[in-house]
Amino acid sequence: MATLIPYMDVQGLGKRIGDRVLFHDISFTINERDHIGLIAKNGTGKSTLLSILSGEEGYDEGQIIFRNELKIGYLEQTPHFNSNDTVLEAVKQNITTTPTLSHDSLEQSARQILTRFNITDLTQRTSELSGGQIKRIALARVLIQEPDLLILDEPTNHLDLEMIEWLENYLSRSTMAILMVTHDRYFLDRICSVIIEMDNSQIYNYKGNYEYYLQKRQERINNTVAEIARANNLYRTELDWMRRMPQARGHKARYREEAFYELEKIAKRRLDERNIRLEMSGGYIGNKIFEARSVSKAFNDNIILKDFNYTFSRYEKLGIVGNNGVGKSTFIKMLLGLEPIDNGKFDIGTTVRFGYYSQEGIQFDNNAKVIDAIRNIAEYVDLGNGEHLSASQFLQHFLFSPQEQHTYIYKLSGGEKRRLYLCTVLMSNPNFLILDEPTNDLDIMTLQILEEYLINFRGCLIIVSHDRYFMDKVVDHILVFQGEGVVQDFPGGYTLYRESQSTTASTTTTNKSNPKNYKESNNHSAKKKLSFKEKREFEQLTLDIEMLESEKRLIEQELSSGSISTETIIAHSKRLPLLNDELDEKSMRWLELSEIESGS
């Protein structure tokens with residue numbers, strides 16, 4: 001087996017900004033061909049670390065050892081170009097030509113990849129481009145350099161689903177070493193074979209993809225919970241000894257005293273894990289939500305909607321997908337009355353109370369504190385059944401510690417501000433949530449909390465997102481904006497939709513070569529009914545799913561009660577992911593059989 005060449009060795013790295021320590025004593029190695037995903041909470045310095053490793057920023061302690069003549073390509077989270085440069089000039093900026101990368105081949109590569117990213121006017125000035133277009137140009141610029149080590153900060157932001165899938169395939173086949181920060185968990189899972197987690201100023205390495213990381217991280221948390229529980233039991237005994245201990249201490253007493261303080265550190269550790277199942281009441285919402293009646297909208301020749309009709313149901317959870325520029329955000333703004341309609345009408349129920357999370361976000365008073373931004377909306381939020389959650393408790397659930405809640409907003413990172421913005425939307429307790437690209441700039445930990453919140457949300461929901469994992473977890477069905485005013489309603493998540501597209505494309509290819517088989521297969525599928533065995537399976541699945549859901553609810557209630565033993569917590573923590581997997585598998589099969597049943 002060939003020995004991998006170390007590209008970069010990071011030893012004891014530390015960085016602070018003012019009085020805030022971002023990270024301390026960070027050590028890890030990047031080897032040839034490594035595909036590494038970096039995971040950490042917003043505000044812990046992920047982007048700063050990538051900037052340091054790329055040579056764009058300095059550090060306070062430690063050292064970084066590079067392989068000689070290592071060529072690094074770096075994609076910033078928010079790239080910047082000279083506003084007077086054309087698109088083509090921006091892409092070729094500061095790239096040195098070589099015998100293998102001549103001027104002509106550089107320009108040809110730039111044109112090819114820009115076309116792939118739907119940027120065709122290469123003479124347009126960068127000052128005229130959107131933030132998303134700037135990100136795509138920066139990505140194109142990095143890729144055509146073909147570096148030894150590719151450092152990517154949120155590469156999928158502002159890319160539509162087709163571009164994300166293309167980039168995913170490109171990078172998964174690449175022999176470049178890759179270090180990336182991304183919130184897109186499918187992207188992470190399919191590209192990276194090593195996960196590095198930064199947590200509480202420590203580094204944890206996992207030799208596997210994202211799914212493997214989740215499994216091993218849970219094992220680590222379970223072990224830590226058990227360790228803290230054992231330390232607490234012993235701590236109570238030792239604390240009693242310390243209080244009774246005479247002032248005259250011998251060698252053994254001093255040794256035991258030192259051991260006591262080490263034990264105290266473990267016993268007082270606090271895991272940033274929420275066992276609360278946050279179920280917001282959302283307030284009453286009537287049966288009438290909204291109806292779209294012959295709605296049409298166009299910008300010159302760009303048709304967004306054409307005679308669009310739709311009736312939104314109570315408690316519906318809808319996802320909206322489509323390529324950039326087809327009108328997804330415009331549709332949301334029309335529904336909210338923020339964008340005029342050319343023809344038709346949105347008829348909205350009187351009990352509907354919208355909560356809107358937009359791509360643009362909101363402007364905070366930077367001199368205010370985090371807790372003030374929430375208390376300005378409400379002191380507490382109603383959970384239903386007479387239960388309430390204070391503004392501070394709500395912020396803790398979304399990863400703002402009591403200390404961080406009294407931080408001034410201007411000190412927050414971009415991701416932390418987006419998380420705070422999300423809290424302001426949810427704190428208003430709407431019964432109809434509309435989230436436009438909510439996953440951009442949020443860390444994976446926050447996304448997991450948001451997913452849980454939305455799954456349990458007792459209200460209506462519309463999500464516009466390019467995050468396939470997020471959509472699969474949360475929505476019941478999707479509207480696919482296909483352009484030219486065409487909108488398809490698909491019953492299921494994004495993955496099911498893409499699989500159906502692949503099947504359709506495959507069937508179309510087969511049909512062209514054998515039209516007779518196409519006709520026969522269509523007749524067969526039209527007449528397909530559940531067999532006796534399938535009916536029995538369908539009935540059993542219904543019972544199994546009900547039992548599994550009941551078990552899941554019971555486990556979650558016990559975990560949030562705070563009154564169960566450590567052993568029970570560990571057992572429940574191990575059972576819950578297995579339970580979710582079993583539920584997903586049985587629900588998928590139930591859905592397949594139910595579609596046959598409803599179509600027969």
# chains A, B, ... in the order shown; residues from 1 in each chain; ligands from 1
>>> residues_around(residues="Tyr213 in chain A", least_positions_apart="2", cutoff="12 Å", atoms="only C-alpha atoms", output="ChimeraX atom specification")
/A:36-39,185,188-189,192-197,204-211,215-221
>>> select_by_dssp(residues="range 417-510 of chain A", states="strand (DSSP E)", output="PDB file with N, CA and C atoms, in the first residue's frame")
ATOM      1  N   PHE A 432     -47.932  29.861  10.270  1.00  0.00           N
ATOM      2  CA  PHE A 432     -47.561  29.527   8.886  1.00  0.00           C
ATOM      3  C   PHE A 432     -46.149  30.064   8.664  1.00  0.00           C
ATOM      4  N   LEU A 433     -45.182  29.146   8.587  1.00  0.00           N
ATOM      5  CA  LEU A 433     -43.785  29.526   8.392  1.00  0.00           C
ATOM      6  C   LEU A 433     -43.415  29.468   6.915  1.00  0.00           C
ATOM      7  N   ILE A 434     -42.751  30.499   6.442  1.00  0.00           N
ATOM      8  CA  ILE A 434     -42.204  30.521   5.081  1.00  0.00           C
ATOM      9  C   ILE A 434     -40.711  30.790   5.196  1.00  0.00           C
ATOM     10  N   LEU A 435     -39.910  29.813   4.788  1.00  0.00           N
ATOM     11  CA  LEU A 435     -38.459  29.891   4.932  1.00  0.00           C
ATOM     12  C   LEU A 435     -37.807  29.854   3.555  1.00  0.00           C
ATOM     13  N   ASP A 436     -37.155  30.946   3.183  1.00  0.00           N
ATOM     14  CA  ASP A 436     -36.497  31.053   1.886  1.00  0.00           C
ATOM     15  C   ASP A 436     -35.000  30.856   2.066  1.00  0.00           C
ATOM     16  N   CYS A 460     -48.484  25.378   9.392  1.00  0.00           N
ATOM     17  CA  CYS A 460     -48.217  25.194   7.958  1.00  0.00           C
ATOM     18  C   CYS A 460     -46.784  25.638   7.644  1.00  0.00           C
ATOM     19  N   LEU A 461     -46.255  25.108   6.547  1.00  0.00           N
ATOM     20  CA  LEU A 461     -44.854  25.344   6.246  1.00  0.00           C
ATOM     21  C   LEU A 461     -44.607  25.342   4.742  1.00  0.00           C
ATOM     22  N   ILE A 462     -43.855  26.344   4.265  1.00  0.00           N
ATOM     23  CA  ILE A 462     -43.310  26.351   2.904  1.00  0.00           C
ATOM     24  C   ILE A 462     -41.813  26.612   3.014  1.00  0.00           C
ATOM     25  N   ILE A 463     -41.010  25.764   2.356  1.00  0.00           N
ATOM     26  CA  ILE A 463     -39.561  25.920   2.364  1.00  0.00           C
ATOM     27  C   ILE A 463     -39.051  26.003   0.934  1.00  0.00           C
ATOM     28  N   VAL A 464     -38.282  27.042   0.641  1.00  0.00           N
ATOM     29  CA  VAL A 464     -37.508  27.112  -0.596  1.00  0.00           C
ATOM     30  C   VAL A 464     -36.076  26.784  -0.225  1.00  0.00           C
ATOM     31  N   HIS A 477     -44.238  17.042   0.379  1.00  0.00           N
ATOM     32  CA  HIS A 477     -44.199  17.001  -1.089  1.00  0.00           C
ATOM     33  C   HIS A 477     -43.555  18.286  -1.578  1.00  0.00           C
ATOM     34  N   ILE A 478     -43.253  18.338  -2.875  1.00  0.00           N
ATOM     35  CA  ILE A 478     -42.552  19.505  -3.416  1.00  0.00           C
ATOM     36  C   ILE A 478     -43.237  20.028  -4.672  1.00  0.00           C
ATOM     37  N   LEU A 479     -43.137  21.345  -4.833  1.00  0.00           N
ATOM     38  CA  LEU A 479     -43.490  21.984  -6.101  1.00  0.00           C
ATOM     39  C   LEU A 479     -42.194  22.215  -6.864  1.00  0.00           C
ATOM     40  N   VAL A 480     -42.123  21.704  -8.079  1.00  0.00           N
ATOM     41  CA  VAL A 480     -40.925  21.853  -8.900  1.00  0.00           C
ATOM     42  C   VAL A 480     -41.184  22.949  -9.927  1.00  0.00           C
ATOM     43  N   PHE A 481     -40.481  24.074  -9.788  1.00  0.00           N
ATOM     44  CA  PHE A 481     -40.579  25.171 -10.756  1.00  0.00           C
ATOM     45  C   PHE A 481     -39.636  24.850 -11.916  1.00  0.00           C
ATOM     46  N   GLN A 482     -40.227  24.562 -13.072  1.00  0.00           N
ATOM     47  CA  GLN A 482     -39.446  24.077 -14.208  1.00  0.00           C
ATOM     48  C   GLN A 482     -39.133  25.164 -15.228  1.00  0.00           C
ATOM     49  N   GLY A 483     -39.600  26.375 -14.987  1.00  0.00           N
ATOM     50  CA  GLY A 483     -39.369  27.471 -15.925  1.00  0.00           C
ATOM     51  C   GLY A 483     -40.516  27.632 -16.895  1.00  0.00           C
ATOM     52  N   VAL A 486     -44.137  26.681 -15.814  1.00  0.00           N
ATOM     53  CA  VAL A 486     -44.541  25.285 -15.566  1.00  0.00           C
ATOM     54  C   VAL A 486     -44.164  24.898 -14.137  1.00  0.00           C
ATOM     55  N   VAL A 487     -45.156  24.411 -13.370  1.00  0.00           N
ATOM     56  CA  VAL A 487     -44.933  23.978 -11.991  1.00  0.00           C
ATOM     57  C   VAL A 487     -45.494  22.572 -11.828  1.00  0.00           C
ATOM     58  N   GLN A 488     -44.655  21.651 -11.354  1.00  0.00           N
ATOM     59  CA  GLN A 488     -45.068  20.260 -11.136  1.00  0.00           C
ATOM     60  C   GLN A 488     -45.198  19.987  -9.645  1.00  0.00           C
ATOM     61  N   ASP A 489     -46.298  19.346  -9.249  1.00  0.00           N
ATOM     62  CA  ASP A 489     -46.495  18.942  -7.855  1.00  0.00           C
ATOM     63  C   ASP A 489     -46.079  17.477  -7.726  1.00  0.00           C
ATOM     64  N   PHE A 490     -45.048  17.222  -6.881  1.00  0.00           N
ATOM     65  CA  PHE A 490     -44.540  15.854  -6.739  1.00  0.00           C
ATOM     66  C   PHE A 490     -44.763  15.377  -5.312  1.00  0.00           C
TER      67      PHE A 490
END
>>> select_by_dssp(residues="range 345-490 of chain A", states="alpha helix (DSSP H)", output="PyMOL selection string")
chain A and resi 370-375+391-397+414-427+444-456+468-474
>>> residues_around(residues="range 539-552 of chain A", least_positions_apart="6", cutoff="9 Å", atoms="only C-alpha atoms", output="ChimeraX atom specification")
/A:576,579-580,582-583,586-587,589-590
>>> closest_residue(among="A:Leu399, A:Met198, A:Leu143, A:Leu88", to="Gln448 in chain A", atoms="only C-alpha atoms")
A:Leu399
>>> atom_distance(atom1="CA of Ser594 in chain A", atom2="CA of Phe312 in chain A")
21.7 Å
>>> closest_residue(among="A:His103, A:His466, A:Leu150, A:Lys135", to="Ser54 in chain A", atoms="only C-alpha atoms")
A:Leu150
>>> residues_around(residues="Gly327 in chain A", least_positions_apart="5", cutoff="9 Å", atoms="only C-alpha atoms", output="VMD selection string")
chain A and resid 303 to 305 322 332 481 483 485
>>> atom_distance(atom1="CA of Ala40 in chain A", atom2="CA of Asn157 in chain A")
17.3 Å
>>> atom_distance(atom1="CA of Leu389 in chain A", atom2="CA of Ser428 in chain A")
12.5 Å
>>> closest_residue(among="A:Pro491, A:Gly361, A:Gly55, A:Pro155", to="Ile178 in chain A", atoms="only C-alpha atoms")
A:Pro155
>>> residues_around(residues="range 118-123 of chain A", least_positions_apart="6", cutoff="10 Å", atoms="only C-alpha atoms", output="PDB file with N, CA and C atoms, in the first residue's frame")
ATOM      1  N   ASP A  85     -13.692  44.646 -13.331  1.00  0.00           N
ATOM      2  CA  ASP A  85     -13.313  43.464 -14.102  1.00  0.00           C
ATOM      3  C   ASP A  85     -14.521  42.862 -14.802  1.00  0.00           C
ATOM      4  N   THR A  86     -14.284  42.308 -15.981  1.00  0.00           N
ATOM      5  CA  THR A  86     -15.324  41.508 -16.624  1.00  0.00           C
ATOM      6  C   THR A  86     -15.339  40.123 -15.978  1.00  0.00           C
ATOM      7  N   VAL A  87     -16.354  39.351 -16.298  1.00  0.00           N
ATOM      8  CA  VAL A  87     -16.452  37.991 -15.759  1.00  0.00           C
ATOM      9  C   VAL A  87     -15.205  37.189 -16.122  1.00  0.00           C
ATOM     10  N   LEU A  88     -14.795  37.254 -17.396  1.00  0.00           N
ATOM     11  CA  LEU A  88     -13.647  36.473 -17.840  1.00  0.00           C
ATOM     12  C   LEU A  88     -12.364  36.940 -17.158  1.00  0.00           C
ATOM     13  N   GLU A  89     -12.201  38.250 -16.988  1.00  0.00           N
ATOM     14  CA  GLU A  89     -11.023  38.787 -16.302  1.00  0.00           C
ATOM     15  C   GLU A  89     -10.997  38.333 -14.839  1.00  0.00           C
ATOM     16  N   ALA A  90     -12.160  38.313 -14.192  1.00  0.00           N
ATOM     17  CA  ALA A  90     -12.239  37.900 -12.790  1.00  0.00           C
ATOM     18  C   ALA A  90     -11.838  36.444 -12.615  1.00  0.00           C
ATOM     19  N   VAL A  91     -12.281  35.601 -13.545  1.00  0.00           N
ATOM     20  CA  VAL A  91     -11.962  34.178 -13.451  1.00  0.00           C
ATOM     21  C   VAL A  91     -10.465  33.941 -13.641  1.00  0.00           C
ATOM     22  N   ALA A 110     -12.072  28.158 -18.609  1.00  0.00           N
ATOM     23  CA  ALA A 110     -12.924  29.155 -17.946  1.00  0.00           C
ATOM     24  C   ALA A 110     -14.287  29.236 -18.621  1.00  0.00           C
ATOM     25  N   ARG A 111     -14.302  29.267 -19.949  1.00  0.00           N
ATOM     26  CA  ARG A 111     -15.568  29.349 -20.680  1.00  0.00           C
ATOM     27  C   ARG A 111     -16.431  28.106 -20.435  1.00  0.00           C
ATOM     28  N   GLN A 112     -15.794  26.940 -20.420  1.00  0.00           N
ATOM     29  CA  GLN A 112     -16.545  25.695 -20.234  1.00  0.00           C
ATOM     30  C   GLN A 112     -17.209  25.634 -18.868  1.00  0.00           C
ATOM     31  N   GLN A 133     -23.989  34.913  -8.315  1.00  0.00           N
ATOM     32  CA  GLN A 133     -23.164  34.841  -9.517  1.00  0.00           C
ATOM     33  C   GLN A 133     -21.682  35.041  -9.181  1.00  0.00           C
ATOM     34  N   ARG A 136     -20.310  31.824  -7.891  1.00  0.00           N
ATOM     35  CA  ARG A 136     -20.082  30.837  -8.948  1.00  0.00           C
ATOM     36  C   ARG A 136     -18.816  31.161  -9.747  1.00  0.00           C
ATOM     37  N   ILE A 137     -18.571  32.451  -9.977  1.00  0.00           N
ATOM     38  CA  ILE A 137     -17.350  32.848 -10.684  1.00  0.00           C
ATOM     39  C   ILE A 137     -16.120  32.483  -9.849  1.00  0.00           C
ATOM     40  N   MET A 163     -26.524  22.198 -10.369  1.00  0.00           N
ATOM     41  CA  MET A 163     -25.116  22.575 -10.238  1.00  0.00           C
ATOM     42  C   MET A 163     -24.469  21.885  -9.047  1.00  0.00           C
ATOM     43  N   ASN A 324     -31.992  28.263 -10.392  1.00  0.00           N
ATOM     44  CA  ASN A 324     -31.951  29.694 -10.090  1.00  0.00           C
ATOM     45  C   ASN A 324     -32.626  30.482 -11.207  1.00  0.00           C
TER      46      ASN A 324
END
>>> closest_residue(among="A:Leu336, A:Ile362, A:Leu442, A:Leu4", to="Phe398 in chain A", atoms="only C-alpha atoms")
A:Leu442
>>> closest_residue(among="A:Arg375, A:Arg141, A:Arg314, A:Arg190", to="Gly73 in chain A", atoms="only C-alpha atoms")
A:Arg141
>>> residues_around(residues="Gly12 in chain A", least_positions_apart="3", cutoff="8 Å", atoms="only C-alpha atoms", output="NGL selection string")
:A and (24-27 or 61-63)
>>> write_last_selection(atoms="N, CA and C atoms", output="mmCIF file, in the first residue's frame")
data_model
loop_
_atom_site.group_PDB
_atom_site.id
_atom_site.type_symbol
_atom_site.label_atom_id
_atom_site.label_comp_id
_atom_site.auth_asym_id
_atom_site.auth_seq_id
_atom_site.Cartn_x
_atom_site.Cartn_y
_atom_site.Cartn_z
ATOM 1 N N HIS A 24 -8.032 26.910 20.169
ATOM 2 C CA HIS A 24 -6.754 26.830 20.882
ATOM 3 C C HIS A 24 -6.213 25.410 20.777
ATOM 4 N N ASP A 25 -4.920 25.290 20.472
ATOM 5 C CA ASP A 25 -4.218 24.000 20.444
ATOM 6 C C ASP A 25 -4.877 23.016 19.467
ATOM 7 N N ILE A 26 -5.158 23.486 18.245
ATOM 8 C CA ILE A 26 -5.762 22.659 17.197
ATOM 9 C C ILE A 26 -4.646 21.961 16.418
ATOM 10 N N SER A 27 -4.757 20.628 16.285
ATOM 11 C CA SER A 27 -3.745 19.858 15.547
ATOM 12 C C SER A 27 -4.414 18.812 14.659
ATOM 13 N N GLU A 61 -0.765 31.334 17.694
ATOM 14 C CA GLU A 61 0.114 30.329 18.288
ATOM 15 C C GLU A 61 0.112 29.071 17.440
ATOM 16 N N GLY A 62 1.147 28.248 17.641
ATOM 17 C CA GLY A 62 1.273 27.014 16.883
ATOM 18 C C GLY A 62 2.029 27.212 15.584
ATOM 19 N N GLN A 63 1.978 26.191 14.716
ATOM 20 C CA GLN A 63 2.634 26.297 13.424
ATOM 21 C C GLN A 63 1.934 25.432 12.385
#
